[in-house]
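Content type mmCIF, C-alpha atoms, from the file start.cif:
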```
data_work
loop_
_atom_site.label_atom_id
_atom_site.label_comp_id
_atom_site.auth_asym_id
_atom_site.auth_seq_id
_atom_site.Cartn_x
_atom_site.Cartn_y
_atom_site.Cartn_z
CA MET A 20 100.61 71.88 92.06
CA SER A 21 103.55 73.97 93.22
CA ILE A 22 103.41 76.08 96.36
CA GLY A 23 103.56 79.29 94.30
CA ALA A 24 100.65 78.18 92.10
CA ALA A 25 98.62 77.21 95.18
CA VAL A 26 99.21 80.63 96.73
CA GLN A 27 98.13 82.37 93.54
CA GLN A 28 95.00 80.23 93.34
CA THR A 29 94.16 81.04 96.95
CA ARG A 30 94.62 84.74 96.25
CA ARG A 31 92.31 84.57 93.23
CA LYS A 32 89.63 82.82 95.25
CA ALA A 33 89.94 85.38 98.05
CA ARG A 34 89.71 88.27 95.60
CA ARG A 35 86.59 86.74 93.99
CA ALA A 36 85.06 86.41 97.45
CA GLY A 37 85.86 90.05 98.14
CA ASN A 38 84.16 91.05 94.88
CA SER A 39 81.10 88.83 95.38
CA ALA A 40 77.53 90.06 95.05
CA TRP A 41 76.51 88.80 98.49
CA LEU A 42 79.27 90.81 100.14
CA ASP A 43 78.18 93.88 98.22
CA ARG A 44 74.63 93.43 99.49
CA MET A 45 75.83 93.02 103.08
CA ALA A 46 77.99 96.14 102.74
CA ARG A 47 74.98 98.11 101.49
CA VAL A 48 73.04 96.96 104.53
CA GLY A 49 76.00 98.25 106.54
CA PHE A 50 75.71 101.69 104.93
CA ALA A 51 72.00 101.74 105.79
CA GLY A 52 72.80 100.66 109.34
CA ARG A 53 75.34 103.45 109.62
CA GLY A 54 72.69 105.89 108.48
CA LEU A 55 70.26 104.67 111.12
CA LEU A 56 72.92 105.01 113.82
CA TYR A 57 73.82 108.57 112.87
CA LEU A 58 70.17 109.60 112.79
CA THR A 59 69.80 108.13 116.28
CA VAL A 60 72.96 109.91 117.50
CA ALA A 61 71.55 113.17 116.12
CA PHE A 62 68.27 112.51 117.98
CA LEU A 63 70.18 111.90 121.22
CA ALA A 64 72.25 115.06 120.63
CA VAL A 65 69.06 117.10 120.33
CA GLY A 66 67.99 115.60 123.66
CA ILE A 67 71.25 116.81 125.24
CA ALA A 68 70.73 120.29 123.77
CA ARG A 69 67.22 120.40 125.26
CA GLY A 70 68.41 119.12 128.63
CA ARG A 71 66.53 115.85 128.42
CA PRO A 72 68.02 112.74 130.05
CA GLY A 73 68.84 110.02 127.58
CA GLY A 74 71.41 107.55 126.33
CA ALA A 75 74.96 108.34 125.34
CA ALA A 76 75.04 110.23 122.04
CA ASP A 77 77.51 107.92 120.31
CA LYS A 78 77.31 104.76 118.19
CA GLN A 79 77.10 102.41 121.16
CA GLY A 80 74.49 104.59 122.82
CA ALA A 81 72.52 104.68 119.57
CA VAL A 82 72.54 100.86 119.39
CA ARG A 83 71.27 100.66 122.97
CA THR A 84 68.56 103.21 122.18
CA LEU A 85 67.44 101.25 119.11
CA ALA A 86 67.40 98.05 121.19
CA GLY A 87 64.76 99.63 123.41
CA THR A 88 62.32 100.29 120.56
CA PRO A 89 59.43 97.96 119.60
CA LEU A 90 61.45 96.78 116.58
CA GLY A 91 64.66 96.55 118.59
CA LEU A 92 65.33 92.83 118.05
CA ALA A 93 64.86 93.01 114.28
CA LEU A 94 66.89 96.22 114.00
CA LEU A 95 69.81 94.77 115.94
CA VAL A 96 69.86 91.62 113.80
CA VAL A 97 69.99 93.78 110.67
CA LEU A 98 72.73 95.94 112.19
CA VAL A 99 74.87 92.92 113.10
CA VAL A 100 74.57 91.58 109.55
CA GLY A 101 75.22 94.98 108.00
CA PHE A 102 78.20 95.90 110.16
CA THR A 103 79.71 92.45 109.65
CA GLY A 104 79.31 92.80 105.89
CA TYR A 105 80.79 96.30 105.95
CA ALA A 106 83.76 95.08 107.98
CA LEU A 107 84.36 92.14 105.61
CA TRP A 108 84.11 94.43 102.58
CA GLN A 109 86.66 96.83 104.06
CA ALA A 110 88.90 93.91 105.04
CA ALA A 111 88.79 92.67 101.45
CA GLU A 112 89.65 96.18 100.22
CA ALA A 113 92.58 96.28 102.64
CA ALA A 114 93.86 92.85 101.65
CA TRP A 115 93.42 92.93 97.89
CA GLY A 116 93.26 96.63 97.08
CA ARG A 117 90.42 98.95 96.28
CA ARG A 118 88.77 98.36 92.98
CA ASP A 119 89.24 101.96 91.90
CA GLU A 120 92.77 102.54 93.14
CA GLY A 121 94.78 101.46 90.08
CA ASN A 122 98.51 101.73 90.63
CA ASP A 123 98.65 105.17 92.19
CA THR A 124 100.99 106.10 94.98
CA LYS A 125 98.14 106.26 97.51
CA ARG A 126 97.61 102.48 97.45
CA THR A 127 99.15 101.83 100.87
CA GLY A 128 97.30 104.71 102.53
CA LYS A 129 93.94 103.64 101.11
CA ARG A 130 94.45 100.07 102.27
CA ALA A 131 95.40 101.27 105.74
CA VAL A 132 92.19 103.33 105.94
CA SER A 133 90.19 100.28 104.83
CA ALA A 134 91.86 98.15 107.48
CA ALA A 135 91.06 100.71 110.18
CA LYS A 136 87.41 100.86 109.08
CA ALA A 137 87.23 97.06 109.09
CA LEU A 138 88.40 96.99 112.71
CA VAL A 139 85.98 99.75 113.77
CA TYR A 140 82.96 98.06 112.21
CA ALA A 141 83.96 94.61 113.40
CA ALA A 142 84.04 96.03 116.93
CA LEU A 143 80.70 97.73 116.36
CA ALA A 144 79.21 94.46 115.10
CA ALA A 145 80.53 92.72 118.23
CA THR A 146 79.06 95.43 120.49
CA THR A 147 75.70 95.20 118.72
CA ALA A 148 75.74 91.40 119.05
CA SER A 149 76.51 91.65 122.77
CA ILE A 150 73.52 93.96 123.23
CA LEU A 151 71.38 91.64 121.13
CA PHE A 152 72.22 88.65 123.31
CA GLY A 153 71.88 90.59 126.56
CA ARG A 154 75.60 90.60 127.39
CA ASP A 155 76.12 94.34 127.22
CA GLU A 156 77.96 95.79 130.20
CA GLY A 157 76.76 99.32 129.57
CA GLY A 158 78.50 102.44 128.37
CA GLY A 159 80.53 104.33 130.92
CA GLN A 160 83.62 106.43 130.51
CA GLN A 161 85.41 103.97 128.25
CA GLU A 162 87.53 106.68 126.66
CA SER A 163 88.76 107.84 130.07
CA LEU A 164 89.48 104.28 131.19
CA TRP A 165 91.52 103.43 128.10
CA THR A 166 93.32 106.77 128.21
CA ALA A 167 94.22 106.19 131.86
CA ARG A 168 95.69 102.80 131.02
CA VAL A 169 97.77 104.20 128.17
CA LEU A 170 98.96 107.15 130.26
CA GLU A 171 100.36 104.69 132.78
CA LEU A 172 102.64 103.15 130.15
CA PRO A 173 106.18 104.39 129.51
CA GLY A 174 105.80 107.20 127.01
CA GLY A 175 102.04 107.04 127.50
CA ARG A 176 101.52 110.79 127.33
CA ILE A 177 103.25 110.87 123.95
CA LEU A 178 101.13 107.99 122.67
CA VAL A 179 97.89 109.65 123.79
CA GLY A 180 98.98 113.00 122.38
CA VAL A 181 99.90 111.48 119.02
CA ALA A 182 96.59 109.59 118.93
CA GLY A 183 94.77 112.85 119.57
CA LEU A 184 96.66 114.62 116.78
CA VAL A 185 95.86 111.76 114.39
CA ILE A 186 92.16 112.11 115.25
CA VAL A 187 92.36 115.87 114.72
CA GLY A 188 93.97 115.24 111.34
CA GLY A 189 91.29 112.72 110.43
CA GLY A 190 88.61 115.22 111.41
CA GLY A 191 90.21 117.89 109.26
CA TRP A 192 90.38 115.43 106.37
CA LEU A 193 86.65 114.74 106.72
CA VAL A 194 85.86 118.45 106.70
CA ALA A 195 87.99 118.96 103.58
CA ARG A 196 86.40 115.90 101.95
CA GLY A 197 82.97 117.36 102.54
CA VAL A 198 83.77 120.91 101.46
CA ARG A 199 85.53 119.70 98.29
CA THR A 200 82.77 117.10 97.63
CA LYS A 201 85.41 114.39 97.20
CA PHE A 202 82.80 111.79 98.19
CA ASP A 203 80.86 112.12 94.93
CA LYS A 204 83.40 110.08 92.95
CA HIS A 205 82.22 106.98 94.82
CA LEU A 206 78.56 107.54 93.90
CA ASP A 207 76.81 106.36 90.76
CA THR A 208 75.47 109.86 90.15
CA ARG A 209 74.30 109.04 86.61
CA SER A 210 71.67 106.68 88.00
CA MET A 211 70.41 109.22 90.54
CA PRO A 212 67.43 111.50 89.86
CA HIS A 213 68.60 115.09 89.60
CA PRO A 214 66.85 116.34 92.79
CA LEU A 215 68.30 113.43 94.76
CA ARG A 216 71.76 114.11 93.37
CA LYS A 217 71.58 117.75 94.49
CA ALA A 218 70.29 116.72 97.92
CA ALA A 219 73.06 114.12 98.22
CA MET A 220 75.71 116.72 97.48
CA VAL A 221 74.34 119.03 100.17
CA GLY A 222 73.88 116.20 102.68
CA GLY A 223 77.32 114.79 101.97
CA THR A 224 79.00 118.17 102.33
CA VAL A 225 77.23 119.13 105.56
CA GLY A 226 77.43 115.60 106.99
CA HIS A 227 81.13 115.07 106.37
CA ALA A 228 81.92 118.54 107.73
CA ALA A 229 79.91 117.90 110.91
CA ARG A 230 81.54 114.51 111.48
CA GLY A 231 84.96 116.02 110.93
CA ALA A 232 84.35 118.93 113.29
CA VAL A 233 83.14 116.65 116.10
CA ALA A 234 86.06 114.25 115.56
CA ALA A 235 88.59 117.12 115.53
CA LEU A 236 87.22 118.45 118.82
CA ALA A 237 87.39 114.96 120.36
CA GLY A 238 91.02 114.74 119.22
CA LEU A 239 91.84 118.11 120.76
CA LEU A 240 90.34 116.97 124.06
CA LEU A 241 92.53 113.87 123.89
CA VAL A 242 95.61 116.02 123.30
CA LYS A 243 94.62 118.13 126.32
CA ALA A 244 94.26 114.97 128.40
CA ALA A 245 97.83 114.04 127.50
CA LYS A 246 99.13 117.55 128.17
CA ASP A 247 97.42 117.79 131.57
CA PHE A 248 97.98 114.11 132.40
CA ASN A 249 94.24 113.87 133.13
CA PRO A 250 92.39 110.94 131.51
CA GLN A 251 89.03 112.44 132.57
CA GLU A 252 89.50 115.03 129.83
CA ALA A 253 89.45 112.32 127.16
CA LYS A 254 85.97 112.13 125.68
CA GLY A 255 84.31 110.21 122.88
CA VAL A 256 81.53 111.55 120.68
CA ASP A 257 79.05 111.75 123.56
CA GLY A 258 81.46 113.61 125.84
CA THR A 259 82.46 115.92 123.00
CA LEU A 260 78.84 116.84 122.31
CA ARG A 261 78.29 117.51 126.01
CA THR A 262 81.40 119.70 125.98
CA ILE A 263 79.90 121.70 123.11
CA VAL A 264 76.62 122.31 124.95
CA ALA A 265 78.53 123.68 127.96
CA GLN A 266 80.06 126.47 125.87
CA PRO A 267 78.58 129.93 125.18
CA TYR A 268 75.81 129.45 122.59
CA GLY A 269 76.44 125.75 123.17
CA ARG A 270 72.84 124.65 122.63
CA LEU A 271 72.73 126.34 119.24
CA LEU A 272 76.08 124.85 118.27
CA LEU A 273 74.97 121.39 119.40
CA LEU A 274 71.73 121.64 117.43
CA LEU A 275 73.79 122.57 114.36
CA ALA A 276 76.07 119.58 115.00
CA ALA A 277 73.02 117.33 115.39
CA ALA A 278 71.63 118.61 112.08
CA GLY A 279 74.95 117.84 110.42
CA LEU A 280 75.10 114.32 111.86
CA ALA A 281 71.51 113.73 110.73
CA ALA A 282 72.51 114.90 107.25
CA PHE A 283 75.31 112.34 107.23
CA GLY A 284 72.84 109.68 108.32
CA LEU A 285 70.57 110.48 105.38
CA PHE A 286 73.59 110.58 103.05
CA SER A 287 74.49 107.07 104.24
CA PHE A 288 71.13 105.82 102.97
CA VAL A 289 71.96 107.31 99.58
CA GLU A 290 75.29 105.47 99.67
CA ALA A 291 73.47 102.24 100.52
CA ARG A 292 71.74 102.49 97.15
CA TYR A 293 74.16 104.36 94.89
CA ARG A 294 77.65 103.70 96.28
CA ARG A 295 80.03 102.12 93.79
CA LEU A 296 81.40 98.94 95.38
#
```

Reformat the file's structure so that it appears as structure tokens.
Amino acid sequence: MSIGAAVQQTRRKARRAGNSAWLDRMARVGFAGRGLLYLTVAFLAVGIARGRPGGAADKQGAVRTLAGTPLGLALLVVLVVGFTGYALWQAAEAAWGRRDEGNDTKRTGKRAVSAAKALVYAALAATTASILFGRDEGGGQQESLWTARVLELPGGRILVGVAGLVIVGGGGWLVARGVRTKFDKHLDTRSMPHPLRKAAMVGGTVGHAARGAVAALAGLLLVKAAKDFNPQEAKGVDGTLRTIVAQPYGRLLLLLAAAGLAAFGLFSFVEARYRRL
């Protein structure tokens, strides 16, 4: 067999693996895990709005909160499996192309988004596994620490500022995706009962808009950290939510944000069942 033929055969095998039923099932578990995390983040955000002490209102904080429940061990095992499957699915999409992309000019952009999601969920799977095996080092101001390290590099302020602008752009894209209901093309709406389909449209719209708004604010805070050369101004989701509650009418705004994040969590459960993979 020639080298070219061997490469083609390897590619075909890899593509079949990326399209396999077991990977689809793992990815669906990942969607359900994402839904559980966002519901937990929303719960923690409500705690912040009510002034109750609690864990960090972000994905890592949500995993730690779930670990402390009576079903914590089982939930974390499911989350590790689901996030790993989701990461592998996105990695396959990045490597071999999305199944619905055809030959359009957005091919490269879509694969880049899939690659980024694969990295995010691989890291989340690793974090969940570290908590599961008791090797978690806790939360802390990770965003500030990383921002401080980047700011110390030559051109660090530019890098941090650009990263913040990219996050703002991503947040705006999420808001637009929700408002324009662009997410529905990935759902098997014909198989959904009509009331569920209407609820999914509302949940998807509100959920994507809330995620986008929180992300955009986090990006703006990162840009401000670069402008002021102050890494303490860089905040993740938890810090962004706490920034919201400190504003006039902040508690009301944070409760609205929590409702939106909860809506996205519920929408993720719909995707776990009806997402086209």

Open item on the list: Would you compute the distance between CA of Val233 (chain A) and CA of Lys201 (chain A)? Give it in Å to one decimal.
Closed with: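 Spanning CA of Val233 (chain A) to CA of Lys201 (chain A) is a straight-line distance of 19.2 Å.
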
Task: Counting all atoms listed in the file, the residue of A:Gly54, A:Gly174, A:Gly180, A:Gly66 that sits nearest Ala277 (chain A) - done: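 The closest residue to Ala277 (chain A) is A:Gly66.
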
- [ ] List, as an MDAnalysis selection string, every residue that the PyMOL selection byres ((chain A and resi 61) around 12) selects in the file provided.
- [x] chainID A and resid 54:60 62:68 74:78 80:81 226 229:230 256:257 260 273:285

Task: Contacts of region 206-210 of chain A at 7 Å (all atoms listed in the file; same-chain gap of 2+ positions) as a list of chain:residue names - done: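 Counting all atoms listed in the file, the residues come to A:Asp203, A:Lys204, A:Pro212, A:Arg216, A:Glu290, A:Tyr293, A:Arg294, A:Arg295.
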
Can you pull out the residues contacting Gln109 (chain A)? Cut-off 8 Å, using only C-alpha atoms, and skip same-chain residues under 2 positions away; I want them as an mmCIF file with C-alpha atoms, in the frame of the given file.
```
data_model
loop_
_atom_site.group_PDB
_atom_site.id
_atom_site.type_symbol
_atom_site.label_atom_id
_atom_site.label_comp_id
_atom_site.auth_asym_id
_atom_site.auth_seq_id
_atom_site.Cartn_x
_atom_site.Cartn_y
_atom_site.Cartn_z
ATOM 1 C CA TYR A 105 80.790 96.300 105.950
ATOM 2 C CA ALA A 106 83.760 95.080 107.980
ATOM 3 C CA LEU A 107 84.360 92.140 105.610
ATOM 4 C CA ALA A 111 88.790 92.670 101.450
ATOM 5 C CA GLU A 112 89.650 96.180 100.220
ATOM 6 C CA ALA A 113 92.580 96.280 102.640
ATOM 7 C CA SER A 133 90.190 100.280 104.830
ATOM 8 C CA ALA A 134 91.860 98.150 107.480
ATOM 9 C CA LYS A 136 87.410 100.860 109.080
ATOM 10 C CA ALA A 137 87.230 97.060 109.090
#
```

- [ ] Apply the PyMOL selection byres ((chain A and resi 239) around 12) to the displayed file and report the matching residues as a PyMOL selection string.
- [x] chain A and resi 179-191+232-238+240-246+252-255+259+262

Just the selected residues (C-alpha atoms), exported as a compact mmCIF listing (two decimals), keeping the file's coordinate frame, please.
```
# COMPACT_ATOMS: atom_id res chain seq x y z
CA VAL A 179 97.89 109.65 123.79
CA GLY A 180 98.98 113.00 122.38
CA VAL A 181 99.90 111.48 119.02
CA ALA A 182 96.59 109.59 118.93
CA GLY A 183 94.77 112.85 119.57
CA LEU A 184 96.66 114.62 116.78
CA VAL A 185 95.86 111.76 114.39
CA ILE A 186 92.16 112.11 115.25
CA VAL A 187 92.36 115.87 114.72
CA GLY A 188 93.97 115.24 111.34
CA GLY A 189 91.29 112.72 110.43
CA GLY A 190 88.61 115.22 111.41
CA GLY A 191 90.21 117.89 109.26
CA ALA A 232 84.35 118.93 113.29
CA VAL A 233 83.14 116.65 116.10
CA ALA A 234 86.06 114.25 115.56
CA ALA A 235 88.59 117.12 115.53
CA LEU A 236 87.22 118.45 118.82
CA ALA A 237 87.39 114.96 120.36
CA GLY A 238 91.02 114.74 119.22
CA LEU A 240 90.34 116.97 124.06
CA LEU A 241 92.53 113.87 123.89
CA VAL A 242 95.61 116.02 123.30
CA LYS A 243 94.62 118.13 126.32
CA ALA A 244 94.26 114.97 128.40
CA ALA A 245 97.83 114.04 127.50
CA LYS A 246 99.13 117.55 128.17
CA GLU A 252 89.50 115.03 129.83
CA ALA A 253 89.45 112.32 127.16
CA LYS A 254 85.97 112.13 125.68
CA GLY A 255 84.31 110.21 122.88
CA THR A 259 82.46 115.92 123.00
CA THR A 262 81.40 119.70 125.98
```

Task: Residue among A:Leu138, A:Leu143, A:Val289, A:Val99 lying closest to Ala219 (chain A), counting all atoms listed in the file - done: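 So, comparing all the options, the nearest one is A:Val289.
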
TODO: Point out the residue among A:Ala195, A:Val97, A:Met220, A:Val82 with the least atom-to-atom distance to Met45 (chain A), counting only C-alpha atoms.
DONE: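 Counting only C-alpha atoms, the residue closest to Met45 (chain A) is A:Val97.
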
Task: Closest of A:Leu172, A:Leu98, A:Val198, A:Leu193 to Ile150 (chain A) - atom-to-atom distances counting all atoms listed in the file - done: A:Leu98

- [ ] Tell me, in Å to one decimal, how far CA of Leu85 (chain A) is from CA of Ala265 (chain A).
- [x] 26.5 Å

Open item on the list: Would you compute the distance between CA of Gln79 (chain A) and CA of Ala51 (chain A)? Give it in Å to one decimal.
Closed with: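 Spanning CA of Gln79 (chain A) to CA of Ala51 (chain A) is a straight-line distance of 16.2 Å.
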
Open item on the list: Need the shell around Arg44 (chain A): protein/DNA/RNA residues with any atom at most 9 Å away, counting all atoms listed in the file. Skip same-chain ones fewer than 5 positions apart. Format as a ChimeraX atom specification?
Closed with: /A:39,49,101,104,291

Task: Expected residue set, 9 Å radius at (78.0, 117.1, 99.8), only C-alpha atoms, as a list in words - done: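 Protein and nucleic acid residues near the point are Arg196, Gly197, Val198, Arg199, Thr200, Lys201, Phe202, Asp203, Lys217, Ala218, Ala219, Met220, Val221, Gly222, Gly223, Thr224, Val225, Gly226, His227, Ala228 and Phe286 of chain A.
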
Task: Minimum-distance residue to Leu170 (chain A), chosen among A:Thr147, A:Phe152, A:Thr88, A:Asn249 (using all atoms listed in the file) - done: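 Of all the options, A:Asn249 lies closest to Leu170 (chain A).
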